[in-house]
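Novice: Contents of my_file-v7.tsv (TSV, C-alpha atoms and all ligand atoms) are given next:
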chain	number	residue	atom	x	y	z
Z	23	ASP	CA	12.95	50.60	-19.20
Z	24	ASN	CA	14.72	52.82	-21.67
Z	25	VAL	CA	18.22	52.73	-20.24
Z	26	LYS	CA	20.58	52.07	-23.15
Z	27	GLU	CA	23.40	49.56	-23.12
Z	28	ALA	CA	26.89	50.93	-22.60
Z	29	LYS	CA	28.73	52.20	-25.65
Z	30	GLU	CA	32.14	50.89	-26.68
Z	31	GLY	CA	34.78	51.99	-24.17
Z	32	GLU	CA	32.37	52.99	-21.40
Z	33	THR	CA	33.08	51.24	-18.11
Z	34	PHE	CA	30.74	50.14	-15.35
Z	35	GLN	CA	32.14	52.90	-13.12
Z	36	ASP	CA	31.45	55.53	-15.78
Z	37	LEU	CA	27.76	54.71	-15.83
Z	38	TYR	CA	26.73	53.34	-12.44
Z	39	THR	CA	27.11	54.18	-8.75
Z	40	THR	CA	27.07	51.21	-6.39
Z	41	GLY	CA	25.17	51.04	-3.11
Z	42	GLU	CA	24.15	48.50	-0.50
Z	43	ALA	CA	24.95	44.79	-0.69
Z	44	LEU	CA	22.02	42.67	-1.95
Z	45	GLY	CA	23.46	39.18	-1.81
Z	46	LYS	CA	26.45	36.95	-2.11
Z	47	GLY	CA	27.23	34.19	-4.59
Z	48	SER	CA	30.05	31.68	-4.72
Z	49	PHE	CA	32.46	34.04	-6.54
Z	50	SER	CA	30.41	37.17	-6.61
Z	51	ASP	CA	28.93	40.00	-4.63
Z	52	VAL	CA	25.62	41.42	-5.74
Z	53	VAL	CA	25.14	45.11	-4.99
Z	54	LEU	CA	22.64	47.84	-5.72
Z	55	ALA	CA	23.70	49.89	-8.76
Z	56	THR	CA	22.12	53.19	-9.72
Z	57	HIS	CA	22.35	54.25	-13.35
Z	58	ASN	CA	23.71	57.81	-13.07
Z	59	GLU	CA	21.88	59.33	-16.00
Z	60	SER	CA	18.41	57.90	-15.43
Z	61	ASN	CA	18.62	57.39	-11.65
Z	62	MET	CA	17.17	53.90	-12.17
Z	63	ASN	CA	18.15	51.10	-9.80
Z	64	PHE	CA	19.63	47.78	-10.90
Z	65	ALA	CA	21.43	44.85	-9.32
Z	66	ALA	CA	25.09	44.45	-10.27
Z	67	LYS	CA	26.84	41.11	-9.91
Z	68	VAL	CA	30.53	41.76	-9.34
Z	69	ILE	CA	32.58	38.71	-10.19
Z	70	ASP	CA	36.18	38.13	-9.20
Z	71	ARG	CA	37.53	36.13	-12.13
Z	72	GLU	CA	41.03	35.81	-10.69
Z	73	ASP	CA	39.68	34.32	-7.50
Z	74	MET	CA	37.76	31.79	-9.62
Z	75	LYS	CA	40.91	30.89	-11.50
Z	76	ARG	CA	42.92	30.55	-8.27
Z	77	LYS	CA	40.33	28.20	-6.82
Z	78	GLY	CA	40.07	26.16	-10.01
Z	79	ALA	CA	36.39	26.97	-10.59
Z	80	LYS	CA	34.97	26.70	-14.07
Z	81	ASP	CA	34.60	30.17	-15.57
Z	82	THR	CA	31.15	30.19	-17.14
Z	83	LEU	CA	30.76	33.94	-17.18
Z	84	GLU	CA	30.56	34.37	-20.91
Z	85	LEU	CA	27.96	31.59	-21.14
Z	86	GLU	CA	25.89	33.13	-18.36
Z	87	ILE	CA	25.87	36.48	-20.19
Z	88	ASN	CA	25.16	35.07	-23.66
Z	89	ASN	CA	22.39	32.77	-22.47
Z	90	MET	CA	20.70	35.54	-20.51
Z	91	LYS	CA	20.81	37.79	-23.56
Z	92	LEU	CA	18.80	35.15	-25.45
Z	93	LEU	CA	16.10	35.40	-22.77
Z	94	LYS	CA	15.77	39.16	-22.43
Z	95	GLU	CA	12.13	39.46	-23.55
Z	96	CYS	CA	10.75	36.95	-21.06
Z	97	PRO	CA	8.95	38.70	-18.16
Z	98	GLN	CA	9.53	35.71	-15.85
Z	99	ILE	CA	13.31	35.73	-16.29
Z	100	CYS	CA	15.57	38.23	-14.52
Z	101	ARG	CA	16.47	40.62	-17.34
Z	102	ILE	CA	20.10	41.26	-18.16
Z	103	GLN	CA	20.68	44.97	-18.71
Z	104	ASP	CA	24.37	45.12	-19.52
Z	105	ALA	CA	27.68	43.34	-19.02
Z	106	PHE	CA	31.21	44.62	-18.56
Z	107	VAL	CA	33.71	41.83	-19.02
Z	108	GLY	CA	37.24	42.37	-17.78
Z	109	ASP	CA	40.09	39.93	-17.26
Z	110	SER	CA	39.90	40.12	-13.48
Z	111	ILE	CA	36.71	41.88	-12.38
Z	112	CYS	CA	33.42	41.58	-14.28
Z	113	HIS	CA	30.15	43.38	-13.79
Z	114	ILE	CA	26.81	42.03	-14.92
Z	115	VAL	CA	23.90	44.45	-14.54
Z	116	PHE	CA	20.47	42.93	-13.94
Z	117	GLU	CA	16.96	44.11	-13.42
Z	118	LEU	CA	16.57	44.71	-9.66
Z	119	LEU	CA	14.50	42.07	-7.88
Z	120	PRO	CA	13.99	43.67	-4.47
Z	121	GLY	CA	11.49	41.11	-3.14
Z	122	GLY	CA	14.28	38.71	-2.24
Z	123	GLU	CA	14.56	34.96	-2.75
Z	124	LEU	CA	11.57	32.64	-2.83
Z	125	PHE	CA	13.66	30.66	-0.32
Z	126	SER	CA	13.29	33.36	2.37
Z	127	CYS	CA	9.61	33.60	1.59
Z	128	ILE	CA	9.16	29.87	2.18
Z	129	ILE	CA	11.04	30.00	5.47
Z	130	GLU	CA	9.04	32.99	6.68
Z	131	LYS	CA	5.66	31.56	5.81
Z	132	GLY	CA	6.25	27.88	6.58
Z	133	SER	CA	3.88	26.73	3.86
Z	134	PHE	CA	1.76	28.14	1.08
Z	135	SER	CA	-1.88	27.90	0.16
Z	136	GLU	CA	-2.60	26.01	-3.03
Z	137	ARG	CA	-3.51	29.25	-4.72
Z	138	GLU	CA	-0.17	30.85	-3.80
Z	139	ALA	CA	1.70	27.74	-4.93
Z	140	ARG	CA	-0.18	27.87	-8.21
Z	141	ASP	CA	0.51	31.57	-8.75
Z	142	ALA	CA	4.23	30.95	-8.23
Z	143	SER	CA	4.11	27.84	-10.43
Z	144	ILE	CA	2.50	29.64	-13.37
Z	145	SER	CA	5.27	32.25	-13.38
Z	146	ILE	CA	8.08	29.71	-13.01
Z	147	LEU	CA	6.59	27.50	-15.72
Z	148	ASN	CA	6.19	30.44	-18.12
Z	149	GLY	CA	9.88	31.23	-17.60
Z	150	LEU	CA	10.86	27.60	-18.16
Z	151	GLU	CA	8.66	27.22	-21.21
Z	152	PHE	CA	10.27	30.30	-22.77
Z	153	MET	CA	13.85	29.27	-22.11
Z	154	HIS	CA	13.30	25.68	-23.15
Z	155	SER	CA	11.76	26.88	-26.42
Z	156	LYS	CA	15.03	28.79	-26.97
Z	157	ARG	CA	16.93	25.61	-26.10
Z	158	VAL	CA	18.46	27.00	-22.92
Z	159	VAL	CA	18.57	24.73	-19.86
Z	160	HIS	CA	18.98	26.35	-16.42
Z	161	ARG	CA	20.29	23.35	-14.43
Z	162	ASP	CA	20.06	24.98	-11.00
Z	163	VAL	CA	16.37	25.70	-10.46
Z	164	LYS	CA	15.87	26.02	-6.69
Z	165	PRO	CA	14.21	28.51	-4.34
Z	166	GLU	CA	17.50	30.45	-3.82
Z	167	ASN	CA	17.58	31.17	-7.55
Z	168	LEU	CA	13.98	32.33	-7.79
Z	169	MET	CA	13.60	35.97	-6.88
Z	170	LEU	CA	10.59	38.16	-6.33
Z	171	LYS	CA	10.11	41.54	-7.97
Z	172	ASP	CA	7.52	42.40	-5.32
Z	173	LYS	CA	7.76	40.72	-1.91
Z	174	ASN	CA	3.98	40.78	-1.48
Z	175	LYS	CA	3.20	39.31	-4.87
Z	176	ILE	CA	4.16	35.69	-5.27
Z	177	SER	CA	3.38	35.73	-9.01
Z	178	SER	CA	6.20	38.27	-9.48
Z	179	VAL	CA	8.74	35.46	-9.07
Z	180	LYS	CA	11.48	35.26	-11.73
Z	181	LEU	CA	14.22	32.81	-12.64
Z	182	SER	CA	17.71	34.09	-11.90
Z	183	ASP	CA	21.32	32.88	-11.63
Z	184	PHE	CA	22.15	31.44	-15.04
Z	185	GLY	CA	25.65	30.40	-13.92
Z	186	PHE	CA	24.96	26.72	-14.78
Z	187	SER	CA	22.84	27.40	-17.85
Z	188	LYS	CA	23.65	25.91	-21.22
Z	189	TYR	CA	22.50	26.52	-24.76
Z	190	LEU	CA	21.79	23.17	-26.41
Z	191	GLU	CA	22.49	22.96	-30.10
Z	192	ASN	CA	21.69	19.26	-30.19
Z	193	LYS	CA	19.29	16.97	-28.39
Z	194	ASN	CA	20.63	15.53	-25.11
Z	195	ALA	CA	23.83	17.55	-25.18
Z	196	CYS	CA	24.35	17.72	-21.40
Z	197	ARG	CA	26.80	15.50	-19.54
Z	198	THR	CA	28.03	17.63	-16.67
Z	199	LEU	CA	27.14	16.68	-13.13
Z	200	CYS	CA	25.81	19.97	-11.78
Z	201	GLY	CA	22.95	21.42	-9.79
Z	202	THR	CA	22.07	21.16	-6.12
Z	203	PRO	CA	21.45	17.88	-4.19
Z	204	GLY	CA	17.77	17.56	-3.42
Z	205	TYR	CA	16.76	19.43	-6.58
Z	206	LEU	CA	18.80	17.79	-9.31
Z	207	ALA	CA	17.23	15.24	-11.61
Z	208	PRO	CA	18.06	11.52	-11.58
Z	209	GLU	CA	19.31	11.56	-15.19
Z	210	ILE	CA	22.00	14.09	-14.16
Z	211	LEU	CA	23.25	11.58	-11.61
Z	212	GLU	CA	23.28	8.80	-14.20
Z	213	ARG	CA	24.80	11.07	-16.89
Z	214	TRP	CA	23.82	8.42	-19.37
Z	215	PRO	CA	22.01	8.71	-21.65
Z	216	ALA	CA	23.07	12.36	-21.75
Z	217	TYR	CA	20.36	14.70	-20.54
Z	218	ASP	CA	18.33	17.68	-21.87
Z	219	VAL	CA	15.97	20.46	-20.69
Z	220	GLU	CA	13.68	18.01	-18.86
Z	221	CYS	CA	15.98	18.19	-15.83
Z	222	ASP	CA	14.60	21.67	-15.01
Z	223	MET	CA	11.07	20.26	-14.79
Z	224	PHE	CA	12.22	17.77	-12.17
Z	225	SER	CA	13.65	20.64	-10.09
Z	226	PHE	CA	10.39	22.52	-10.55
Z	227	GLY	CA	8.58	19.42	-9.24
Z	228	VAL	CA	10.75	19.49	-6.11
Z	229	ILE	CA	9.89	23.15	-5.56
Z	230	LEU	CA	6.17	22.54	-6.03
Z	231	PHE	CA	6.37	19.59	-3.63
Z	232	LEU	CA	8.12	21.85	-1.10
Z	233	LEU	CA	5.62	24.69	-1.53
Z	234	LEU	CA	2.63	22.40	-0.95
Z	235	GLY	CA	4.01	19.81	1.46
Z	236	GLY	CA	6.46	21.93	3.43
Z	237	TYR	CA	9.33	19.42	3.19
Z	238	LEU	CA	11.81	18.29	0.53
Z	239	PRO	CA	10.75	15.09	-1.27
Z	240	PHE	CA	14.23	13.56	-1.30
Z	241	ASP	CA	15.38	14.98	2.02
Z	242	PRO	CA	12.23	14.83	4.17
Z	243	ASN	CA	14.14	15.23	7.45
Z	244	SER	CA	16.51	17.95	6.19
Z	245	SER	CA	19.47	15.67	6.86
Z	246	ASN	CA	21.66	17.21	4.15
Z	247	ASP	CA	23.09	13.70	3.68
Z	248	THR	CA	24.07	13.89	0.01
Z	249	ASN	CA	24.48	10.15	-0.52
Z	250	ALA	CA	21.06	9.40	0.94
Z	251	ILE	CA	19.49	12.20	-1.11
Z	252	PHE	CA	21.05	10.88	-4.33
Z	253	GLU	CA	19.92	7.33	-3.53
Z	254	ARG	CA	16.32	8.50	-3.04
Z	255	THR	CA	16.48	10.70	-6.15
Z	256	ARG	CA	17.67	7.78	-8.30
Z	257	ASN	CA	14.88	5.55	-7.00
Z	258	GLY	CA	12.19	8.22	-7.15
Z	259	ASP	CA	11.67	7.49	-3.48
Z	260	HIS	CA	9.41	10.28	-2.19
Z	261	LYS	CA	6.34	10.06	0.00
Z	262	PHE	CA	3.21	12.15	0.23
Z	263	TYR	CA	2.86	11.96	4.02
Z	264	PRO	CA	-0.88	12.11	4.76
Z	265	THR	CA	-0.46	14.58	7.64
Z	266	ARG	CA	0.93	17.10	5.15
Z	267	TRP	CA	-0.93	16.16	1.96
Z	268	ASN	CA	-4.43	15.18	3.15
Z	269	ASN	CA	-5.96	18.56	2.40
Z	270	ILE	CA	-4.27	19.06	-0.94
Z	271	SER	CA	-6.21	18.48	-4.13
Z	272	PRO	CA	-5.53	15.22	-6.01
Z	273	SER	CA	-4.73	17.12	-9.21
Z	274	ALA	CA	-1.92	19.04	-7.46
Z	275	LYS	CA	-0.40	15.76	-6.28
Z	276	GLU	CA	-0.80	14.33	-9.74
Z	277	LEU	CA	1.09	17.24	-11.32
Z	278	VAL	CA	3.89	16.93	-8.74
Z	279	ALA	CA	4.19	13.21	-9.51
Z	280	GLN	CA	4.34	13.91	-13.27
Z	281	CYS	CA	7.19	16.39	-12.71
Z	282	LEU	CA	9.09	13.96	-10.50
Z	283	SER	CA	8.94	11.12	-12.99
Z	284	ILE	CA	12.35	9.37	-13.02
Z	285	LYS	CA	12.44	8.96	-16.77
Z	286	PRO	CA	12.89	12.33	-18.51
Z	287	THR	CA	10.91	11.11	-21.51
Z	288	LYS	CA	7.90	10.42	-19.25
Z	289	ARG	CA	8.14	13.74	-17.42
Z	290	ILE	CA	5.63	16.51	-18.10
Z	291	THR	CA	6.93	19.53	-20.08
Z	292	ALA	CA	6.54	23.16	-18.96
Z	293	LYS	CA	4.04	23.79	-21.75
Z	294	LYS	CA	1.88	20.82	-20.79
Z	295	ALA	CA	2.12	21.65	-17.09
Z	296	LEU	CA	0.66	25.09	-17.81
Z	297	ASN	CA	-2.38	23.33	-19.27
Z	298	HIS	CA	-2.67	20.76	-16.49
Z	299	GLN	CA	-6.02	20.26	-14.76
Z	300	TRP	CA	-4.70	21.85	-11.52
Z	301	MET	CA	-4.19	25.17	-13.33
Z	302	LYS	CA	-7.90	25.33	-14.15
Z	303	GLU	CA	-9.47	24.09	-10.93
Z	304	LYS	CA	-10.80	26.21	-8.14
Z	305	VAL	CA	-8.21	25.76	-5.40
Z	306	ALA	CA	-8.03	26.73	-1.76
Z	307	GLY	CA	-6.79	30.21	-0.99
Z	308	ASN	CA	-6.42	29.48	2.71
Z	309	LYS	CA	-3.25	28.06	4.25
Z	310	VAL	CA	-2.80	24.32	4.06
A	401	LIG	P1	25.85	32.89	-7.80
A	401	LIG	O1	25.81	32.55	-9.24
A	401	LIG	O2	27.24	33.14	-7.36
A	401	LIG	O3	25.08	31.92	-6.94
A	401	LIG	P2	23.56	34.67	-7.86
A	401	LIG	O4	23.33	35.15	-9.24
A	401	LIG	O5	22.68	33.58	-7.38
A	401	LIG	O6	25.10	34.31	-7.65
A	401	LIG	O7	23.43	35.93	-6.88
A	401	LIG	C1	23.78	35.82	-5.51
A	401	LIG	C2	22.70	36.44	-4.63
A	401	LIG	O8	22.55	37.84	-4.94
A	401	LIG	C3	21.31	35.87	-4.83
A	401	LIG	O9	21.11	34.71	-4.09
A	401	LIG	C4	20.43	37.03	-4.37
A	401	LIG	O10	20.29	37.08	-2.97
A	401	LIG	C5	21.19	38.25	-4.86
A	401	LIG	N1	20.71	38.68	-6.19
A	401	LIG	C6	21.02	38.11	-7.37
A	401	LIG	N2	20.39	38.71	-8.40
A	401	LIG	C7	19.66	39.72	-7.87
A	401	LIG	C8	18.75	40.72	-8.42
A	401	LIG	N3	18.51	40.79	-9.73
A	401	LIG	N4	18.19	41.59	-7.57
A	401	LIG	C9	18.43	41.52	-6.24
A	401	LIG	N5	19.24	40.60	-5.65
A	401	LIG	C10	19.86	39.70	-6.45
A	402	MG	MG	22.87	31.45	-6.88
How would this structure read if it were set down as structure tokens?
Specialist:
Amino acid sequence: DNVKEAKEGETFQDLYTTGEALGKGSFSDVVLATHNESNMNFAAKVIDREDMKRKGAKDTLELEINNMKLLKECPQICRIQDAFVGDSICHIVFELLPGGELFSCIIEKGSFSEREARDASISILNGLEFMHSKRVVHRDVKPENLMLKDKNKISSVKLSDFGFSKYLENKNACRTLCGTPGYLAPEILERWPAYDVECDMFSFGVILFLLLGGYLPFDPNSSNDTNAIFERTRNGDHKFYPTRWNNISPSAKELVAQCLSIKPTKRITAKKALNHQWMKEKVAGNKV
């Protein structure tokens, strides 16, 4: 990767040629972008700032860009290549992650072997450990925001979509209710005491639960009933149904439970999770 950042005055159109659509966000379209000089492919997020303003959405663009720039060296975080900020249309250029969302992978496969779940977990946790050490919280960790570099290699998963991310200068500096029902941590719902980076570990716990068990801990019947999901999240009300969890190692369950701890102070950190017993055990490579 030796493509240089744009020089002063150079526009996105000067440097890149756009191609096929790759995805769609709430106020953005993500398209393939080829760097003209090097012929290298990237993903460009095209954001309509005026549309955001019209619809009263919070414009977090500058934060998204600045926070991602702090995380450029981490191999498990989608790398920001460049950003072109205009008053109406903005372009953010990212490393291309052609393997698609972990979400699609889960749907296609139904469930994962413990070994696959662990491979994905190690990558996600390395990304989280790095960003938390830089005091950046993601706040929307979910399978839709985890993308694969290589579709056939689960360990190539990377954290993306830093639209809700925040740099924390002080301890417990978060108050905003944000995230996605089913994945967001109980302390975000309470908003008091104010919360910190631990909320991402709760979301990771939900993902690990989903990868191993094949259902969402706080929405086991996929009801999408937000009030019921929030009620269960607040109470830590999740069940390891024996039909789904019988063949899964006790240490995996134990790690999941430590991630889903209601109290953020009791929750396991990314660094500690990487050293958890489950990471060292011999685990099943066959489907569960
Ligand atoms: P939003 O913040 O609006 O949710 P995202 O950053 O999540 O937007 O991007 C929207 C979609 O675009 C993603 O869900 C994904 O399908 C696709 N996408 C995002 N980043 C990349 C990338 N680096 N490579 C390939 N596709 C991407
Ligand atoms: Mg997204």
Novice: Taking 4 positions as the minimum chain separation for residues in the same chain, which residues sit within 8 Å of Z:Phe184 when counting only C-alpha atoms? Answer as a PyMOL selection string.
Specialist: chain Z and resi 86+89-90+160+162
Novice: Could you list, as a PDB file with C-alpha atoms, keeping the file's coordinate frame, all residues that come within 6 Å of ligand LIG 401 (chain A)? Count all atoms listed in the file.
Specialist:
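Done, and the output landed in out.pdb:
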ATOM      1  CA  LEU Z  44      22.020  42.670  -1.950  1.00  0.00           C
ATOM      2  CA  GLY Z  45      23.460  39.180  -1.810  1.00  0.00           C
ATOM      3  CA  LYS Z  46      26.450  36.950  -2.110  1.00  0.00           C
ATOM      4  CA  GLY Z  47      27.230  34.190  -4.590  1.00  0.00           C
ATOM      5  CA  SER Z  48      30.050  31.680  -4.720  1.00  0.00           C
ATOM      6  CA  PHE Z  49      32.460  34.040  -6.540  1.00  0.00           C
ATOM      7  CA  SER Z  50      30.410  37.170  -6.610  1.00  0.00           C
ATOM      8  CA  VAL Z  52      25.620  41.420  -5.740  1.00  0.00           C
ATOM      9  CA  ALA Z  65      21.430  44.850  -9.320  1.00  0.00           C
ATOM     10  CA  PHE Z 116      20.470  42.930 -13.940  1.00  0.00           C
ATOM     11  CA  GLU Z 117      16.960  44.110 -13.420  1.00  0.00           C
ATOM     12  CA  LEU Z 118      16.570  44.710  -9.660  1.00  0.00           C
ATOM     13  CA  LEU Z 119      14.500  42.070  -7.880  1.00  0.00           C
ATOM     14  CA  PRO Z 120      13.990  43.670  -4.470  1.00  0.00           C
ATOM     15  CA  GLU Z 166      17.500  30.450  -3.820  1.00  0.00           C
ATOM     16  CA  ASN Z 167      17.580  31.170  -7.550  1.00  0.00           C
ATOM     17  CA  ASP Z 183      21.320  32.880 -11.630  1.00  0.00           C
ATOM     18  CA  GLY Z 185      25.650  30.400 -13.920  1.00  0.00           C
TER      19      GLY Z 185
END
Novice: Please provide the set of residues having any atom within 10 Å of Z:Asp141, restricted to only C-alpha atoms, with same-chain residues fewer than 4 positions apart removed, written as a list of chain:residue names.
Specialist: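 Skipping anything fewer than 4 positions along the chain leaves Z:Ser135, Z:Glu136, Z:Arg137, Z:Ser145, Z:Ile146, Z:Lys175, Z:Ile176, Z:Ser177, Z:Ser178, Z:Val179, Z:Met301.
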Novice: Can you tell me which residues surround Z:Lys156 at a distance of at most 10 Å, considering all atoms listed in the file, apart from same-chain residues fewer than 2 positions away, and format the answer as a PyMOL selection string?
Specialist: chain Z and resi 89+92-93+150-154+158-159+189-191
Novice: What's the 7 Å shell around stretch 280-282 of chain Z, counting all atoms listed in the file, without same-chain residues fewer than 3 positions away, as a ChimeraX atom specification?
Specialist: /Z:223-224,227,276-277,289-290
Novice: Using all atoms listed in the file, pick whichever of Z:Val305, Z:Ile129, Z:Ala55, Z:Val163 has the shortest atom-to-atom distance to ligand MG 402 (chain A).
Specialist: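 For ligand MG 402 (chain A), the nearest of the given residues is Z:Val163.
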Novice: With a distance cut-off of 10 Å and all atoms listed in the file, select the neighbouring residues of Z:Gln35, excluding the residue or stretch itself and same-chain residues fewer than 4 positions from it, and output the selection as JSON, numbers by chain.
Specialist: {"Z": [39, 40, 55, 57, 58, 106, 113]}
Novice: Would you work out the distance separating atom CA of Z:Val115 from atom CA of Z:Val68, expressed in Å to one decimal?
Specialist: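 Atom-to-atom, atom CA of Z:Val115 and atom CA of Z:Val68 are spaced 8.8 Å apart.
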Novice: For Z:Ala292, which residue out of Z:Ala105, Z:Cys221, Z:Leu168, Z:Leu124 is the nearest one, using only C-alpha atoms?
Specialist: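 Between Z:Ala105, Z:Cys221, Z:Leu168, Z:Leu124, the residue approaching Z:Ala292 most closely is Z:Cys221.
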Novice: Smallest atom-to-atom distance to ligand MG 402 (chain A): which of Z:Phe186, Z:Phe34, Z:Tyr237, Z:Phe262, using all atoms listed in the file?
Specialist: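 Ranked by minimum distance to ligand MG 402 (chain A), first place goes to Z:Phe186.
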Novice: Of the candidates Z:Ser187, Z:Asn257, Z:Asn24, Z:Ser133, which one gets nearest to ligand MG 402 (chain A) if we count only C-alpha atoms and all ligand atoms?
Specialist: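 Result for the nearest residue to ligand MG 402 (chain A): Z:Ser187.
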Novice: For ligand MG 402 (chain A), which residue out of Z:Ser143, Z:Thr202, Z:Asn297, Z:Ser245 is the nearest one, using all atoms listed in the file?
Specialist: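 The shortest atom-to-atom distance to ligand MG 402 (chain A) comes from Z:Thr202.
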Novice: Considering only C-alpha atoms and all ligand atoms, state which residue in the set Z:Leu230, Z:Met169, Z:Leu85, Z:Ala142 is at the smallest distance from ligand MG 402 (chain A).
Specialist: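 The closest residue to ligand MG 402 (chain A) is Z:Met169.
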Novice: So the first atom is atom CA of Z:Asn174 and the second is atom CA of Z:Arg140; what is the distance between them in Å, to one decimal place?
Specialist: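 According to the coordinates, atom CA of Z:Asn174 and atom CA of Z:Arg140 are separated by 15.1 Å.
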Novice: By how many Å are atom CA of Z:Val107 and atom CA of Z:Lys80 apart?
Specialist: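 Taking atom CA of Z:Val107 and atom CA of Z:Lys80, their separation equals 16.0 Å.
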Novice: Just add N, CA and C atoms to stretch 284-302 of chain Z and send it as an mmCIF file, keeping the file's coordinate frame.
Specialist:
data_model
loop_
_atom_site.group_PDB
_atom_site.id
_atom_site.type_symbol
_atom_site.label_atom_id
_atom_site.label_comp_id
_atom_site.auth_asym_id
_atom_site.auth_seq_id
_atom_site.Cartn_x
_atom_site.Cartn_y
_atom_site.Cartn_z
ATOM 1 N N ILE Z 284 10.909 9.659 -12.922
ATOM 2 C CA ILE Z 284 12.350 9.370 -13.020
ATOM 3 C C ILE Z 284 12.831 9.469 -14.456
ATOM 4 N N LYS Z 285 12.036 8.933 -15.362
ATOM 5 C CA LYS Z 285 12.440 8.960 -16.770
ATOM 6 C C LYS Z 285 12.125 10.318 -17.386
ATOM 7 N N PRO Z 286 13.140 11.005 -17.915
ATOM 8 C CA PRO Z 286 12.890 12.330 -18.510
ATOM 9 C C PRO Z 286 11.887 12.299 -19.655
ATOM 10 N N THR Z 287 11.838 11.202 -20.377
ATOM 11 C CA THR Z 287 10.910 11.110 -21.510
ATOM 12 C C THR Z 287 9.451 11.003 -21.044
ATOM 13 N N LYS Z 288 9.261 10.553 -19.799
ATOM 14 C CA LYS Z 288 7.900 10.420 -19.250
ATOM 15 C C LYS Z 288 7.463 11.676 -18.499
ATOM 16 N N ARG Z 289 8.400 12.559 -18.257
ATOM 17 C CA ARG Z 289 8.140 13.740 -17.420
ATOM 18 C C ARG Z 289 7.307 14.770 -18.171
ATOM 19 N N ILE Z 290 6.459 15.480 -17.468
ATOM 20 C CA ILE Z 290 5.630 16.510 -18.100
ATOM 21 C C ILE Z 290 6.515 17.711 -18.510
ATOM 22 N N THR Z 291 6.180 18.349 -19.627
ATOM 23 C CA THR Z 291 6.930 19.530 -20.080
ATOM 24 C C THR Z 291 6.306 20.787 -19.450
ATOM 25 N N ALA Z 292 7.048 21.901 -19.524
ATOM 26 C CA ALA Z 292 6.540 23.160 -18.960
ATOM 27 C C ALA Z 292 5.246 23.570 -19.668
ATOM 28 N N LYS Z 293 5.213 23.416 -20.969
ATOM 29 C CA LYS Z 293 4.040 23.790 -21.750
ATOM 30 C C LYS Z 293 2.817 22.989 -21.335
ATOM 31 N N LYS Z 294 2.997 21.677 -21.193
ATOM 32 C CA LYS Z 294 1.880 20.820 -20.790
ATOM 33 C C LYS Z 294 1.461 21.091 -19.351
ATOM 34 N N ALA Z 295 2.437 21.377 -18.494
ATOM 35 C CA ALA Z 295 2.120 21.650 -17.090
ATOM 36 C C ALA Z 295 1.234 22.900 -16.968
ATOM 37 N N LEU Z 296 1.473 23.867 -17.836
ATOM 38 C CA LEU Z 296 0.660 25.090 -17.810
ATOM 39 C C LEU Z 296 -0.792 24.819 -18.202
ATOM 40 N N ASN Z 297 -1.016 23.718 -18.888
ATOM 41 C CA ASN Z 297 -2.380 23.330 -19.270
ATOM 42 C C ASN Z 297 -2.937 22.193 -18.423
ATOM 43 N N HIS Z 298 -2.229 21.858 -17.351
ATOM 44 C CA HIS Z 298 -2.670 20.760 -16.490
ATOM 45 C C HIS Z 298 -3.986 21.136 -15.781
ATOM 46 N N GLN Z 299 -4.748 20.115 -15.472
ATOM 47 C CA GLN Z 299 -6.020 20.260 -14.760
ATOM 48 C C GLN Z 299 -5.932 21.204 -13.544
ATOM 49 N N TRP Z 300 -4.855 21.068 -12.766
ATOM 50 C CA TRP Z 300 -4.700 21.850 -11.520
ATOM 51 C C TRP Z 300 -4.706 23.355 -11.787
ATOM 52 N N MET Z 301 -4.260 23.746 -12.985
ATOM 53 C CA MET Z 301 -4.190 25.170 -13.330
ATOM 54 C C MET Z 301 -5.584 25.752 -13.569
ATOM 55 N N LYS Z 302 -6.552 24.871 -13.808
ATOM 56 C CA LYS Z 302 -7.900 25.330 -14.150
ATOM 57 C C LYS Z 302 -8.889 25.193 -13.009
#
